[in-house]
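Student: Structure file work.txt (compact mmCIF, C-alpha atoms) is given on the next line.
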# COMPACT_ATOMS: atom_id res chain seq x y z
CA MET A 1 44.63 94.20 151.73
CA PRO A 2 48.04 95.34 150.40
CA LYS A 3 50.97 94.80 152.71
CA HIS A 4 53.04 97.66 151.31
CA GLU A 5 52.13 101.19 150.31
CA LEU A 6 53.88 103.75 148.14
CA ASN A 7 55.12 107.09 149.38
CA PRO A 8 56.73 108.91 146.42
CA ASN A 9 57.67 111.84 148.67
CA THR A 10 60.38 109.68 150.26
CA TRP A 11 61.69 107.85 147.18
CA ILE A 12 64.62 110.15 146.42
CA ASP A 13 65.88 110.20 150.00
CA ARG A 14 65.35 106.49 150.59
CA TYR A 15 66.20 104.87 147.26
CA SER A 16 68.15 107.16 144.89
CA ASP A 17 71.60 106.11 146.15
CA TYR A 18 70.72 102.43 146.08
CA LEU A 19 69.18 102.66 142.59
CA PHE A 20 72.13 104.70 141.31
CA ASN A 21 74.68 102.18 142.64
CA TYR A 22 72.65 99.32 141.17
CA THR A 23 72.54 101.09 137.78
CA ILE A 24 76.15 102.29 137.61
CA SER A 25 77.36 98.74 138.12
CA ARG A 26 75.39 97.73 135.02
CA VAL A 27 75.85 100.64 132.62
CA ASN A 28 79.23 102.04 133.79
CA ASP A 29 78.24 105.59 132.81
CA ARG A 30 77.44 108.08 135.59
CA GLU A 31 75.24 110.37 133.51
CA MET A 32 73.31 107.49 131.97
CA ALA A 33 72.86 105.92 135.41
CA LYS A 34 71.42 109.20 136.73
CA ASP A 35 69.08 109.41 133.73
CA LEU A 36 67.90 105.84 134.17
CA VAL A 37 67.17 106.37 137.87
CA GLN A 38 65.26 109.55 137.05
CA ASP A 39 63.31 107.69 134.32
CA THR A 40 62.54 104.99 136.88
CA PHE A 41 61.06 107.49 139.30
CA PHE A 42 58.95 109.06 136.53
CA ALA A 43 57.72 105.68 135.33
CA ALA A 44 56.89 104.70 138.91
CA LEU A 45 54.88 107.87 139.40
CA LYS A 46 52.96 107.18 136.19
CA SER A 47 52.20 103.58 137.13
CA MET A 48 51.44 103.99 140.83
CA LYS A 49 47.89 102.81 140.23
CA ASN A 50 49.30 99.42 139.13
CA PHE A 51 51.12 98.88 142.42
CA LYS A 52 49.36 96.02 144.24
CA GLY A 53 51.29 96.23 147.50
CA ASP A 54 52.61 92.66 147.32
CA ALA A 55 56.22 93.83 147.02
CA SER A 56 58.09 96.51 148.88
CA GLU A 57 58.61 99.94 147.31
CA ARG A 58 62.27 99.20 146.73
CA THR A 59 61.56 95.86 145.03
CA TRP A 60 58.95 97.49 142.83
CA LEU A 61 61.31 100.34 141.89
CA ILE A 62 64.12 97.87 141.10
CA ALA A 63 61.78 95.93 138.80
CA ILE A 64 61.02 99.15 136.92
CA LEU A 65 64.72 100.07 136.84
CA LYS A 66 65.66 96.66 135.41
CA ARG A 67 63.26 97.26 132.54
CA LYS A 68 64.79 100.72 131.97
CA ILE A 69 68.29 99.21 131.85
CA ILE A 70 67.15 96.54 129.38
CA ASP A 71 65.51 99.22 127.23
CA TYR A 72 68.75 101.21 127.33
CA TYR A 73 70.73 98.23 126.00
CA ARG A 74 68.07 97.51 123.39
CA LYS A 75 68.36 101.08 122.20
CA ILE A 76 72.15 101.11 121.88
CA ASN A 77 72.33 97.71 120.19
CA SER A 78 70.82 96.84 116.86
CA LYS A 79 69.22 93.67 118.22
CA LYS A 80 66.89 93.29 121.22
CA GLY A 81 69.22 93.65 124.18
CA GLN A 82 71.77 91.01 123.23
CA ALA A 83 74.39 92.66 125.41
CA GLU A 84 72.12 92.18 128.41
CA VAL A 85 71.28 88.53 127.76
CA ARG A 86 72.58 86.22 130.48
CA ILE A 87 72.25 82.52 130.67
CA SER A 88 73.52 80.77 133.76
CA TYR A 89 73.68 77.01 133.78
CA ASN A 90 75.33 74.24 135.67
CA SER A 91 77.03 71.34 134.01
CA ASP A 92 79.81 68.97 134.94
CA GLU A 93 82.48 70.98 133.10
CA ASP A 94 81.40 74.61 133.49
CA GLU A 95 79.48 76.95 135.63
CA GLY A 96 78.67 80.54 134.85
CA ASP A 97 77.47 83.19 132.48
CA TRP A 98 78.82 81.45 129.42
CA LEU A 99 76.83 83.48 126.92
CA GLU A 100 77.63 86.84 128.45
CA GLU A 101 81.35 86.14 128.12
CA ARG A 102 80.95 85.93 124.36
CA VAL A 103 79.09 89.24 123.92
CA ALA A 104 81.34 92.10 122.90
CA ASP A 105 81.54 95.11 125.20
CA PRO A 106 78.86 97.53 123.92
CA PHE A 107 81.06 100.51 124.85
CA ASP A 108 84.09 99.31 122.91
CA LYS A 109 82.63 98.67 119.48
CA THR A 110 84.71 97.65 116.54
CA ALA A 111 83.28 96.45 113.25
CA GLU A 112 84.15 92.89 114.24
CA ASP A 113 82.43 93.25 117.63
CA ALA A 114 79.32 94.70 116.03
CA LEU A 115 79.19 91.84 113.53
CA GLU A 116 79.73 89.29 116.32
CA ASN A 117 76.96 90.85 118.41
CA ASP A 118 74.60 90.83 115.42
CA GLU A 119 75.39 87.18 114.68
CA LEU A 120 75.09 86.23 118.35
CA GLY A 121 71.78 88.05 118.65
CA ASP A 122 70.46 86.26 115.56
CA ALA A 123 71.62 82.90 116.94
CA ILE A 124 69.99 83.57 120.33
CA PHE A 125 66.67 84.60 118.86
CA ASN A 126 66.72 81.73 116.33
CA CYS A 127 67.24 79.28 119.20
CA LEU A 128 64.57 81.03 121.24
CA ASP A 129 62.13 80.59 118.35
CA LYS A 130 62.75 76.82 118.46
CA LEU A 131 61.68 76.51 122.11
CA PRO A 132 58.13 75.50 123.00
CA GLU A 133 56.02 78.64 123.48
CA LYS A 134 55.79 78.46 127.28
CA GLN A 135 59.53 77.85 127.67
CA ALA A 136 60.33 80.74 125.34
CA THR A 137 57.99 83.07 127.22
CA VAL A 138 59.40 82.14 130.63
CA PHE A 139 62.98 82.35 129.33
CA ARG A 140 62.39 85.84 127.90
CA MET A 141 60.72 87.08 131.06
CA LYS A 142 63.31 85.68 133.48
CA THR A 143 66.58 85.84 131.57
CA ILE A 144 66.20 88.66 129.07
CA GLU A 145 63.74 90.99 130.79
CA GLY A 146 65.02 90.15 134.28
CA LEU A 147 61.58 89.97 135.85
CA GLU A 148 61.23 88.69 139.40
CA THR A 149 60.07 85.11 139.98
CA GLU A 150 56.94 86.28 141.78
CA THR A 151 55.97 88.59 138.92
CA ILE A 152 56.35 85.83 136.33
CA CYS A 153 54.48 83.29 138.45
CA ASN A 154 51.59 85.70 138.96
CA GLU A 155 51.43 86.68 135.30
CA LEU A 156 51.58 83.10 133.99
CA ASN A 157 49.68 81.52 136.88
CA ILE A 158 52.41 78.98 137.67
CA THR A 159 54.24 77.98 140.85
CA ALA A 160 57.83 78.99 141.58
CA SER A 161 59.00 75.38 141.36
CA ASN A 162 57.26 75.01 137.98
CA LEU A 163 58.95 78.23 136.83
CA TRP A 164 62.39 76.92 137.74
CA VAL A 165 61.77 73.60 135.97
CA ILE A 166 60.74 75.52 132.84
CA VAL A 167 63.75 77.85 133.14
CA HIS A 168 66.11 74.89 133.55
CA ARG A 169 64.66 73.11 130.51
CA ALA A 170 64.75 76.30 128.44
CA ARG A 171 68.36 77.03 129.39
CA SER A 172 69.40 73.47 128.60
CA ALA A 173 67.68 73.62 125.22
CA MET A 174 69.22 77.05 124.54
CA ALA A 175 72.68 75.78 125.49
CA ASP A 176 72.32 72.78 123.14
CA CYS A 177 71.01 74.96 120.32
CA MET A 178 73.71 77.60 120.78
CA GLU A 179 76.37 74.90 120.91
CA LYS A 180 75.22 73.65 117.51
CA ASN A 181 74.51 77.00 115.88
CA TRP A 182 76.96 79.49 117.32
CA PHE A 183 80.13 78.06 118.88
Would you give me this structure, written as structure tokens?

Tutor:
Amino acid sequence: MPKHELNPNTWIDRYSDYLFNYTISRVNDREMAKDLVQDTFFAALKSMKNFKGDASERTWLIAILKRKIIDYYRKINSKKGQAEVRISYNSDEDEGDWLEERVADPFDKTAEDALENDELGDAIFNCLDKLPEKQATVFRMKTIEGLETETICNELNITASNLWVIVHRARSAMADCMEKNWF
């Protein structure tokens, strides 16, 4: 029996401010943020039958919104969402979103930035193609698409600890590959 139920009649009152603030911090454009939140509500209405009740309404709406934000960046960039790609890793020297720091601001495009983003996107996807299939799939779902751990585990039938081992290995392999092929 589902733990959570949907009530679309309350979504705007309960979640619109939260979703808007979440979006504006990622797209930095008020009108686009409003559009993305509206698209999220429409998509949620269309896919209500897919809601299993395992997550709260807000968590489910955020998952949809994350996909909308990724789609937005995919649309404005020539490659699949390279401006939204984040890789966090821990090493002895560094900690942080090392790849994101090297992606040009998508709102301040110069010819050099566009070329750098294209080259970076190619390097990322070339490195991704070199990963074992399961690592590449998990990496895409977690890092690029921003899916929740629970969603990925359910879809791939793996445990959360297995997921994080795969993510760690994929990020390490991506870091090594990017070090050799991009930096």

Student: Pick the closest to A:Asn162 from A:Arg140, A:Lys134, A:Phe20, A:Lys75: which is it, counting only C-alpha atoms?

Tutor: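 The answer is A:Lys134, which sits nearest to A:Asn162.
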
Student: Using all atoms listed in the file, which of the listed residues (A:Ser56, A:Thr10, A:Ser25, A:Asn126) sits closest to A:Met178?

Tutor: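 Closest to A:Met178 of all the choices is A:Asn126.
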
Student: Please, what distance in Å, to one decimal, runs between atom CA of A:Met174 and atom CA of A:Cys127?

Tutor: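 Answer for the atom CA of A:Met174 to atom CA of A:Cys127 separation: 6.1 Å.
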
Student: How many Å separate atom CA of A:Lys49 from atom CA of A:His4?

Tutor: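 Atom-to-atom, atom CA of A:Lys49 and atom CA of A:His4 are spaced 13.3 Å apart.
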
Student: Work out how far apart atom CA of A:Ala43 and atom CA of A:Ala63 are and give it in Å to one decimal.

Tutor: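 Between atom CA of A:Ala43 and atom CA of A:Ala63 the gap works out to 11.1 Å.
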